[in-house]
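Containing mmCIF, C-alpha atoms and all ligand atoms: target.cif.
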data_upload
loop_
_atom_site.label_atom_id
_atom_site.label_comp_id
_atom_site.auth_asym_id
_atom_site.auth_seq_id
_atom_site.Cartn_x
_atom_site.Cartn_y
_atom_site.Cartn_z
CA VAL A 286 -21.14 3.22 -23.08
CA GLU A 287 -24.43 2.84 -21.14
CA LEU A 288 -24.43 -0.90 -21.59
CA THR A 289 -20.79 -1.33 -20.53
CA THR A 290 -21.31 0.91 -17.51
CA SER A 291 -24.17 -1.20 -16.24
CA THR A 292 -22.01 -4.34 -16.61
CA THR A 293 -19.19 -2.73 -14.64
CA ILE A 294 -21.58 -1.60 -11.92
CA ASP A 295 -23.11 -5.09 -11.76
CA ILE A 296 -19.65 -6.59 -11.32
CA LEU A 297 -18.78 -3.99 -8.66
CA ARG A 298 -22.06 -4.77 -6.86
CA SER A 299 -21.22 -8.47 -6.73
CA LEU A 300 -17.68 -7.73 -5.47
CA VAL A 301 -18.82 -5.34 -2.74
CA ALA A 302 -21.38 -7.96 -1.61
CA ILE A 303 -18.53 -10.29 -0.59
CA ASP A 304 -17.04 -9.29 2.76
CA SER A 305 -13.28 -9.34 2.15
CA VAL A 306 -11.97 -7.55 5.24
CA SER A 307 -8.28 -8.47 5.62
CA SER A 308 -8.86 -10.62 8.73
CA ARG A 309 -11.03 -13.08 6.73
CA SER A 310 -10.01 -15.49 4.03
CA ASN A 311 -10.40 -13.88 0.61
CA GLY A 312 -11.29 -17.35 -0.79
CA PRO A 313 -14.92 -16.49 -1.65
CA PHE A 314 -13.81 -13.24 -3.30
CA VAL A 315 -11.17 -14.99 -5.40
CA THR A 316 -13.71 -17.67 -6.38
CA LYS A 317 -15.98 -14.90 -7.65
CA LEU A 318 -13.11 -13.42 -9.70
CA GLU A 319 -12.39 -16.85 -11.20
CA GLU A 320 -16.07 -17.27 -12.06
CA VAL A 321 -15.97 -14.09 -14.12
CA LEU A 322 -12.58 -14.82 -15.67
CA ARG A 323 -12.71 -18.54 -16.46
CA PRO A 324 -15.17 -18.37 -19.40
CA LEU A 325 -12.84 -15.82 -21.03
CA GLY A 326 -10.08 -18.42 -21.22
CA PRO A 327 -7.00 -16.93 -19.53
CA ALA A 328 -4.28 -19.02 -17.87
CA ILE A 329 -5.22 -18.80 -14.18
CA GLU A 330 -3.00 -19.42 -11.20
CA ARG A 331 -4.09 -19.35 -7.55
CA LEU A 332 -1.22 -18.81 -5.13
CA PRO A 333 -2.35 -19.75 -1.61
CA TYR A 334 -0.55 -18.97 1.63
CA GLU A 335 -1.33 -18.93 5.32
CA ASP A 336 -1.34 -15.58 7.07
CA ASP A 337 0.05 -15.01 10.58
CA ALA A 338 -3.30 -16.01 12.11
CA GLY A 339 -3.36 -19.29 10.14
CA VAL A 340 -6.06 -18.07 7.73
CA THR A 341 -5.64 -19.22 4.11
CA LYS A 342 -5.30 -16.33 1.67
CA PHE A 343 -4.96 -16.35 -2.11
CA ASN A 344 -3.24 -14.27 -4.72
CA LEU A 345 -4.83 -14.77 -8.13
CA ILE A 346 -3.00 -14.31 -11.39
CA ALA A 347 -4.70 -14.50 -14.78
CA ARG A 348 -2.85 -14.13 -18.06
CA PHE A 349 -4.40 -13.29 -21.41
CA GLY A 350 -2.52 -13.44 -24.69
CA PRO A 351 0.91 -14.96 -25.30
CA GLY A 352 3.15 -16.38 -22.57
CA PRO A 353 5.93 -14.31 -21.04
CA ALA A 354 9.30 -14.00 -22.74
CA ALA A 355 12.14 -15.85 -21.06
CA THR A 356 14.70 -13.12 -21.40
CA HIS A 357 12.93 -9.82 -20.85
CA ALA A 358 9.89 -8.15 -19.32
CA THR A 359 6.84 -7.93 -21.59
CA GLY A 360 3.26 -6.74 -21.59
CA LEU A 361 1.08 -5.06 -19.01
CA ALA A 362 -0.23 -5.99 -15.56
CA LEU A 363 -3.38 -4.62 -13.96
CA VAL A 364 -3.09 -5.03 -10.20
CA GLY A 365 -5.80 -4.79 -7.56
CA HIS A 366 -5.92 -5.84 -3.92
CA THR A 367 -8.85 -8.01 -2.89
CA ASP A 368 -8.98 -7.05 0.80
CA THR A 369 -10.62 -4.07 2.46
CA VAL A 370 -10.30 -2.35 5.81
CA PRO A 371 -12.99 -3.24 8.39
CA PHE A 372 -16.28 -1.35 8.52
CA ASP A 373 -18.42 -0.01 11.30
CA GLU A 374 -21.34 -2.20 12.37
CA SER A 375 -23.58 0.84 12.15
CA TRP A 376 -22.95 1.02 8.40
CA SER A 377 -25.74 -1.41 7.56
CA GLN A 378 -25.29 -1.09 3.79
CA ALA A 379 -21.52 -1.57 3.74
CA LEU A 380 -21.93 -4.72 1.61
CA GLN A 381 -24.78 -3.44 -0.57
CA LEU A 382 -23.65 -1.18 -3.36
CA THR A 383 -25.92 1.87 -3.14
CA GLU A 384 -26.27 4.58 -5.79
CA ARG A 385 -26.88 8.22 -4.88
CA ASP A 386 -26.09 11.46 -6.74
CA GLY A 387 -23.87 9.75 -9.30
CA LYS A 388 -21.86 7.96 -6.62
CA LEU A 389 -21.67 4.29 -5.65
CA PHE A 390 -21.33 3.64 -1.92
CA GLY A 391 -20.03 0.50 -0.17
CA ARG A 392 -16.96 -0.85 1.66
CA GLY A 393 -14.27 -1.32 -0.93
CA ALA A 394 -16.33 0.60 -3.51
CA CYS A 395 -13.27 2.72 -4.26
CA ASP A 396 -10.49 0.92 -2.37
CA THR A 397 -10.07 -1.02 -4.55
CA LYS A 398 -12.98 -3.02 -5.91
CA ALA A 399 -13.88 -0.28 -8.42
CA PHE A 400 -10.56 -0.77 -10.21
CA ILE A 401 -11.00 -4.56 -10.13
CA ALA A 402 -14.51 -4.22 -11.60
CA CYS A 403 -13.10 -2.03 -14.41
CA ALA A 404 -10.37 -4.58 -15.14
CA LEU A 405 -12.90 -7.45 -15.25
CA ALA A 406 -15.30 -5.48 -17.44
CA VAL A 407 -12.52 -4.60 -19.87
CA VAL A 408 -11.22 -8.14 -20.34
CA ARG A 409 -14.75 -9.27 -21.19
CA ARG A 410 -14.58 -6.98 -24.20
CA ILE A 411 -11.16 -7.86 -25.60
CA ASP A 412 -10.23 -10.56 -28.07
CA PRO A 413 -7.33 -12.42 -26.38
CA SER A 414 -6.17 -13.83 -29.71
CA ALA A 415 -5.48 -10.27 -30.88
CA LEU A 416 -2.99 -9.65 -28.04
CA ARG A 417 0.65 -9.68 -29.10
CA GLN A 418 1.96 -9.00 -25.59
CA PRO A 419 0.73 -10.67 -22.41
CA LEU A 420 -1.88 -8.99 -20.24
CA TRP A 421 -1.83 -10.01 -16.59
CA LEU A 422 -4.51 -9.44 -14.00
CA ILE A 423 -2.91 -9.70 -10.57
CA PHE A 424 -5.28 -9.76 -7.62
CA THR A 425 -3.53 -9.71 -4.26
CA ALA A 426 -4.45 -10.43 -0.65
CA ASP A 427 -3.64 -8.48 2.52
CA GLU A 428 -2.60 -5.14 1.03
CA GLU A 429 -4.21 -3.23 3.87
CA ILE A 430 -2.06 -4.96 6.47
CA GLY A 431 1.33 -4.42 4.82
CA CYS A 432 1.21 -5.56 1.17
CA VAL A 433 1.69 -9.14 2.39
CA GLY A 434 0.14 -10.79 -0.67
CA ALA A 435 2.05 -8.62 -3.14
CA LYS A 436 5.31 -9.52 -1.40
CA ARG A 437 4.50 -13.21 -1.95
CA VAL A 438 3.79 -12.54 -5.60
CA ALA A 439 7.12 -10.72 -5.90
CA GLU A 440 8.92 -13.67 -4.27
CA GLN A 441 7.14 -16.48 -6.16
CA GLY A 442 6.28 -14.75 -9.40
CA SER A 443 7.89 -16.44 -12.37
CA PHE A 444 6.62 -13.78 -14.74
CA ARG A 445 7.88 -10.33 -15.60
CA PRO A 446 5.41 -7.68 -16.70
CA ARG A 447 7.06 -4.67 -18.33
CA LEU A 448 4.43 -2.18 -17.16
CA ALA A 449 1.97 -2.25 -14.28
CA ILE A 450 -1.06 -0.18 -13.39
CA VAL A 451 -1.58 -0.64 -9.65
CA GLY A 452 -5.20 0.13 -8.82
CA GLU A 453 -5.73 2.45 -5.87
CA PRO A 454 -8.12 5.38 -5.46
CA THR A 455 -6.09 8.28 -6.91
CA SER A 456 -9.01 10.19 -8.50
CA LEU A 457 -7.49 9.11 -11.82
CA THR A 458 -4.23 10.97 -11.14
CA PRO A 459 -1.22 8.88 -12.20
CA ILE A 460 1.01 8.36 -9.14
CA ARG A 461 4.55 7.75 -10.30
CA ALA A 462 6.30 7.49 -6.92
CA ASN A 463 5.70 6.81 -3.26
CA LYS A 464 7.78 7.18 -0.14
CA GLY A 465 9.06 4.13 1.69
CA TYR A 466 7.93 3.02 5.12
CA CYS A 467 10.25 1.95 7.93
CA LEU A 468 9.51 1.06 11.53
CA ALA A 469 11.69 0.37 14.55
CA GLU A 470 11.17 -0.01 18.27
CA VAL A 471 13.46 1.73 20.73
CA VAL A 472 13.78 -0.11 24.03
CA VAL A 473 15.25 1.73 27.03
CA GLN A 474 16.34 -0.20 30.12
CA GLY A 475 17.05 1.55 33.40
CA LYS A 476 16.87 0.45 37.01
CA GLU A 477 13.82 0.33 39.25
CA ALA A 478 13.89 1.96 42.70
CA HIS A 479 11.54 3.39 45.32
CA SER A 480 10.67 6.85 44.06
CA ALA A 481 11.54 8.32 47.47
CA TYR A 482 15.15 7.39 46.67
CA PRO A 483 15.47 8.11 42.95
CA GLY A 484 19.26 8.17 43.17
CA ARG A 485 19.21 4.38 43.68
CA GLY A 486 17.58 3.82 40.30
CA ALA A 487 17.86 5.05 36.74
CA SER A 488 14.67 6.17 35.04
CA ALA A 489 14.10 4.59 31.64
CA ILE A 490 11.39 7.20 31.01
CA VAL A 491 13.85 10.05 31.49
CA GLY A 492 16.22 8.14 29.17
CA ALA A 493 13.48 7.87 26.54
CA GLY A 494 12.89 11.61 26.93
CA ARG A 495 16.54 12.32 26.18
CA PHE A 496 16.34 10.08 23.13
CA LEU A 497 13.27 11.96 21.91
CA SER A 498 15.03 15.34 22.18
CA GLU A 499 17.88 13.92 20.09
CA LEU A 500 15.29 12.79 17.51
CA GLU A 501 13.99 16.36 17.36
CA LYS A 502 17.47 17.53 16.37
CA LEU A 503 17.63 14.77 13.76
CA ASP A 504 14.25 15.92 12.45
CA VAL A 505 15.69 19.40 11.82
CA ARG A 506 18.51 17.86 9.78
CA LEU A 507 16.15 15.62 7.81
CA ARG A 508 14.12 18.67 6.81
CA GLN A 509 17.21 20.10 5.15
CA MET A 510 17.60 17.07 2.86
CA ARG A 511 14.82 18.06 0.50
CA ASP A 512 13.11 16.17 -2.29
CA PRO A 513 10.77 18.69 -3.94
CA ASP A 514 8.86 15.92 -5.75
CA PHE A 515 7.19 14.97 -2.46
CA SER A 516 4.89 16.53 0.07
CA PRO A 517 6.21 16.87 2.72
CA PRO A 518 9.48 17.28 0.74
CA PHE A 519 11.69 15.38 3.20
CA THR A 520 11.86 12.17 5.26
CA THR A 521 9.31 12.43 8.07
CA MET A 522 9.46 10.68 11.44
CA ASN A 523 6.80 9.79 13.98
CA VAL A 524 6.82 8.32 17.47
CA GLY A 525 3.28 6.97 17.56
CA VAL A 526 3.29 4.73 20.64
CA ILE A 527 5.19 4.96 23.90
CA GLN A 528 4.93 2.86 27.04
CA GLY A 529 6.93 2.66 30.21
CA GLY A 530 6.89 2.51 33.96
CA LYS A 531 4.85 0.46 36.45
CA ALA A 532 3.54 2.87 39.06
CA LYS A 533 3.73 6.51 40.08
CA ASN A 534 6.00 5.71 43.02
CA ILE A 535 8.50 3.48 41.20
CA VAL A 536 11.46 4.79 39.20
CA ALA A 537 10.72 3.35 35.75
CA GLY A 538 12.88 0.37 34.86
CA ALA A 539 11.80 0.08 31.24
CA CYS A 540 10.35 2.26 28.52
CA SER A 541 9.87 1.63 24.81
CA PHE A 542 8.49 3.54 21.86
CA THR A 543 7.92 3.08 18.16
CA LEU A 544 9.96 5.08 15.67
CA GLU A 545 8.51 5.31 12.19
CA TRP A 546 10.05 7.10 9.20
CA ARG A 547 9.09 7.54 5.56
CA PRO A 548 12.04 8.12 3.23
CA ALA A 549 11.70 9.54 -0.28
CA PRO A 550 13.02 7.23 -3.04
CA GLY A 551 16.28 9.13 -3.41
CA GLN A 552 17.11 8.83 0.29
CA SER A 553 18.64 5.96 2.18
CA ASN A 554 16.20 3.62 3.95
CA THR A 555 18.63 3.14 6.76
CA LEU A 556 19.74 6.73 7.45
CA VAL A 557 17.31 7.20 10.35
CA LEU A 558 18.15 3.74 11.70
CA GLU A 559 21.87 4.51 11.69
CA GLU A 560 21.27 7.88 13.33
CA ALA A 561 19.06 6.29 15.99
CA GLU A 562 21.76 3.72 16.73
CA SER A 563 24.37 6.41 17.11
CA ILE A 564 22.06 8.37 19.45
CA ALA A 565 21.74 5.17 21.51
CA ARG A 566 25.53 4.72 21.75
CA ARG A 567 26.05 8.41 22.68
CA LEU A 568 23.40 8.32 25.41
CA GLU A 569 24.82 5.09 26.87
CA LYS A 570 28.22 6.73 27.14
CA ARG A 571 26.78 9.75 28.88
CA HIS A 572 24.43 7.71 31.11
CA PRO A 573 26.05 4.34 31.84
CA SER A 574 23.13 3.20 34.03
CA LEU A 575 20.81 3.24 31.01
CA SER A 576 20.85 0.96 27.98
CA PHE A 577 19.24 1.67 24.60
CA GLU A 578 18.37 -0.84 21.91
CA VAL A 579 17.01 -0.02 18.45
CA ARG A 580 15.12 -2.96 16.90
CA LEU A 581 14.29 -2.73 13.23
CA ILE A 582 10.79 -4.10 12.55
CA ARG A 583 9.89 -3.20 8.99
CA VAL A 584 11.47 -1.79 5.85
CA GLU A 585 9.26 -1.06 2.85
CA GLU A 586 11.06 0.24 -0.19
CA ALA A 587 10.06 3.52 -1.77
CA SER A 588 9.12 3.34 -5.44
CA GLN A 589 9.78 5.65 -8.33
CA THR A 590 8.97 5.49 -12.04
CA PRO A 591 10.53 8.31 -14.08
CA LYS A 592 8.29 11.25 -14.96
CA ASP A 593 8.91 10.77 -18.68
CA SER A 594 8.37 6.99 -18.78
CA GLU A 595 5.86 5.80 -21.34
CA LEU A 596 3.18 4.58 -18.92
CA VAL A 597 3.28 7.82 -16.89
CA ARG A 598 2.96 9.86 -20.07
CA PHE A 599 0.22 7.62 -21.42
CA LEU A 600 -1.88 7.92 -18.25
CA GLU A 601 -1.29 11.68 -18.08
CA GLU A 602 -2.56 12.07 -21.63
CA GLN A 603 -5.55 9.81 -21.06
CA SER A 604 -6.61 11.31 -17.73
CA GLY A 605 -5.68 14.91 -18.52
CA ARG A 606 -3.90 15.08 -15.14
CA SER A 607 -0.24 15.61 -14.37
CA SER A 608 1.42 12.77 -12.50
CA ALA A 609 2.05 13.15 -8.78
CA THR A 610 3.62 11.37 -5.80
CA VAL A 611 2.23 10.13 -2.48
CA ALA A 612 3.70 9.90 0.99
CA PHE A 613 2.18 6.50 1.85
CA GLY A 614 3.07 2.97 0.77
CA THR A 615 1.54 1.08 -2.17
CA GLU A 616 2.13 -2.23 -3.94
CA ALA A 617 4.24 -0.45 -6.57
CA PRO A 618 7.62 -1.57 -5.07
CA GLN A 619 6.58 -5.25 -5.33
CA LEU A 620 5.72 -4.77 -9.01
CA ALA A 621 9.03 -3.01 -9.52
CA ALA A 622 10.70 -6.04 -7.90
CA LEU A 623 9.11 -8.20 -10.62
CA GLY A 624 10.75 -5.96 -13.20
CA ALA A 625 7.81 -3.69 -14.06
CA SER A 626 7.57 0.09 -14.29
CA PRO A 627 4.59 0.65 -11.98
CA VAL A 628 2.15 3.56 -11.88
CA VAL A 629 -0.58 3.76 -9.24
CA PHE A 630 -3.89 4.81 -10.73
CA GLY A 631 -7.61 4.32 -10.19
CA PRO A 632 -11.07 5.78 -9.64
CA GLY A 633 -12.25 7.23 -6.32
CA ASP A 634 -10.59 9.41 -3.73
CA ILE A 635 -8.18 8.03 -1.13
CA ARG A 636 -9.62 10.54 1.36
CA THR A 637 -13.03 8.79 1.29
CA ALA A 638 -11.49 5.30 1.37
CA HIS A 639 -11.20 3.71 4.83
CA GLN A 640 -14.26 5.72 5.94
CA THR A 641 -17.88 4.90 6.59
CA GLY A 642 -19.63 5.98 3.40
CA GLU A 643 -16.71 5.16 1.08
CA PHE A 644 -17.80 5.74 -2.52
CA VAL A 645 -16.65 5.86 -6.13
CA PRO A 646 -18.02 8.47 -8.57
CA ILE A 647 -19.69 6.70 -11.53
CA ASP A 648 -18.07 9.04 -14.07
CA GLU A 649 -14.60 8.10 -12.78
CA LEU A 650 -15.51 4.42 -12.92
CA VAL A 651 -16.54 4.79 -16.56
CA ARG A 652 -13.45 6.82 -17.43
CA CYS A 653 -11.14 4.33 -15.72
CA GLU A 654 -12.60 1.48 -17.73
CA GLN A 655 -12.05 3.41 -20.97
CA ILE A 656 -8.47 4.22 -20.01
CA LEU A 657 -7.69 0.58 -19.13
CA ALA A 658 -9.12 -0.48 -22.50
CA ALA A 659 -6.89 2.09 -24.23
CA ALA A 660 -3.85 0.91 -22.22
CA ILE A 661 -4.39 -2.71 -23.30
CA GLU A 662 -4.81 -1.54 -26.91
CA CYS A 663 -1.62 0.54 -26.68
CA PHE A 664 0.69 -1.85 -24.79
CA CYS A 665 -0.60 -5.36 -25.59
CA ALA A 666 -2.32 -5.32 -28.99
ZN ZN B 1 -6.12 0.20 -1.32
#
Target encoding structure tokens, full file:
Amino acid sequence: VELTTSTTIDILRSLVAIDSVSSRSNGPFVTKLEEVLRPLGPAIERLPYEDDAGVTKFNLIARFGPGPAATHATGLALVGHTDTVPFDESWSQALQLTERDGKLFGRGACDTKAFIACALAVVRRIDPSALRQPLWLIFTADEEIGCVGAKRVAEQGSFRPRLAIVGEPTSLTPIRANKGYCLAEVVVQGKEAHSAYPGRGASAIVGAGRFLSELEKLDVRLRQMRDPDFSPPFTTMNVGVIQGGKAKNIVAGACSFTLEWRPAPGQSNTLVLEEAESIARRLEKRHPSLSFEVRLIRVEEASQTPKDSELVRFLEEQSGRSSATVAFGTEAPQLAALGASPVVFGPGDIRTAHQTGEFVPIDELVRCEQILAAAIECFCA
């Protein structure tokens, strides 16, 4: 175990050393992955695309063992995202993996380069000719900015893994489901006027206020539609940004705010949208000088793999932890779109990810590598 651990840590060190913040191209990172993989002989595919800023990004797919079946999903996929969130300039060792008290510190150390290092270390130890089912390594770009790379893989992917372990820092707890993520913008138009004569205008800010009180009533109703598998056990909403008005002495002509909601898998993605639209129509009837528009910006599916599915049970047995759910988005829905039963699983704690001083505990790194080896043995050999 000692020897393997040092290999995994060496790989992790070389991965952390490559700055792969989402705004940059992940080309150098993907080249490093190919360097490790190529001598092992998998079929490798690089799927490039240009992001919204015109930067070239790559998804990398490596397959060990036999080719995919034409008619049905087969084998296992290990999935890790190559990008990280940005880091503070004051964190001088963000790109130098540093060991202290049994922990390895560095940007991406847990989210999610630790899982990638485990996957790479494991495939160095297997005999591909002994695999009877395909094993895919899927390394995606731009997870941190909306699972953009994984969505491309889901659209382009001509392969269908039956099972997928999506690497994220879950402290080795198998995550079988996550809530969806939806975002809209509500735009309120009124009429500007000198504030000394408010009757000549119609305040869009007051209109937005009325809309928000209606949303509070909707919130009460959403809380009654419970899904006890989740925490919080209902669809949550948030208005995170609001802007409106030009000056203190002008009746505001326009106001807009974001409306975000996170539905549990059993609940409709569009329920909140439909309710928001009906609030808009009601308010327009009551206040004809105001207009309300609800613009849908994003819909991310929720994801759910049954509690008693074989991969959930396997990871529960191996980790000694009961499966759980999370309230934030992951790449699991994109793997489900490819036909896989996904479970999110990996070393490190999501609460330390995205922070200065992000780390992965060495014992979890070691355990994760063992569990991935066992999963390949169980589902591919
Ligand atoms: Zn992540």
Env of range 461-477 of chain A: 7 Å cut, atoms = all atoms listed in the file, seq-sep filter 2 positions within chain, self excluded. Answer as an MDAnalysis selection string.
chainID A and resid 459 486:489 492:493 535:550 574:590 592 597 608:614 628:629
Can you pull out every residue with an atom within 7 Å of ligand ZN 1 (chain B)? Use all atoms listed in the file and format it as a PyMOL selection string. chain A and resi 366+396-397+428-429+453-454
Original post:
Smallest atom-to-atom distance to Ser299 in chain A: which of A:Leu380, A:Val408, A:Cys663, A:Leu503, using all atoms listed in the file?
Top reply: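 That would be A:Leu380, the residue with the smallest distance to Ser299 in chain A.
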#### Entry: Long-range neighbours of Arg636 in chain A as a ChimeraX atom specification, 10 Å cut-off, only C-alpha atoms, 4 positions minimum in chain
/A:454-456,640,643
From A:Pro517, A:Pro573, A:Gly633, A:Pro627, residue lying nearest Ile460 in chain A [only C-alpha atoms]
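Using only C-alpha atoms, the shortest distance to Ile460 in chain A belongs to A:Pro627.
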Original post:
Quick one, how far is CA of Trp376 in chain A from CA of Phe314 in chain A?
Top reply: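 Answer for the CA of Trp376 in chain A to CA of Phe314 in chain A separation: 20.6 Å.
Straight-line separation from CA of Ala617 in chain A to CA of Leu332 in chain A: 19.2 Å.
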Practice problem: In Å, rounded to a single decimal, give me how far CA of Lys502 in chain A is from CA of Gly551 in chain A. | Solution: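 Atom-to-atom, CA of Gly551 in chain A and CA of Lys502 in chain A are spaced 21.5 Å apart.
Neighbouring residues of Thr367 in chain A at 10 Å or closer, counting only C-alpha atoms and skipping chain neighbours under 2 positions away, are A:Leu300, A:Ser305, A:Val306, A:Ser307, A:Asn311, A:Gly312, A:Phe314, A:Val315, A:Leu318, A:Phe343, A:Asn344, A:Leu345, A:Val364, A:Gly365, A:Thr369, A:Gly393, A:Asp396, A:Thr397, A:Lys398, A:Ile401, A:Ile423, A:Phe424, A:Thr425, A:Ala426, A:Asp427, A:Glu428, A:Glu429, A:Gly434.
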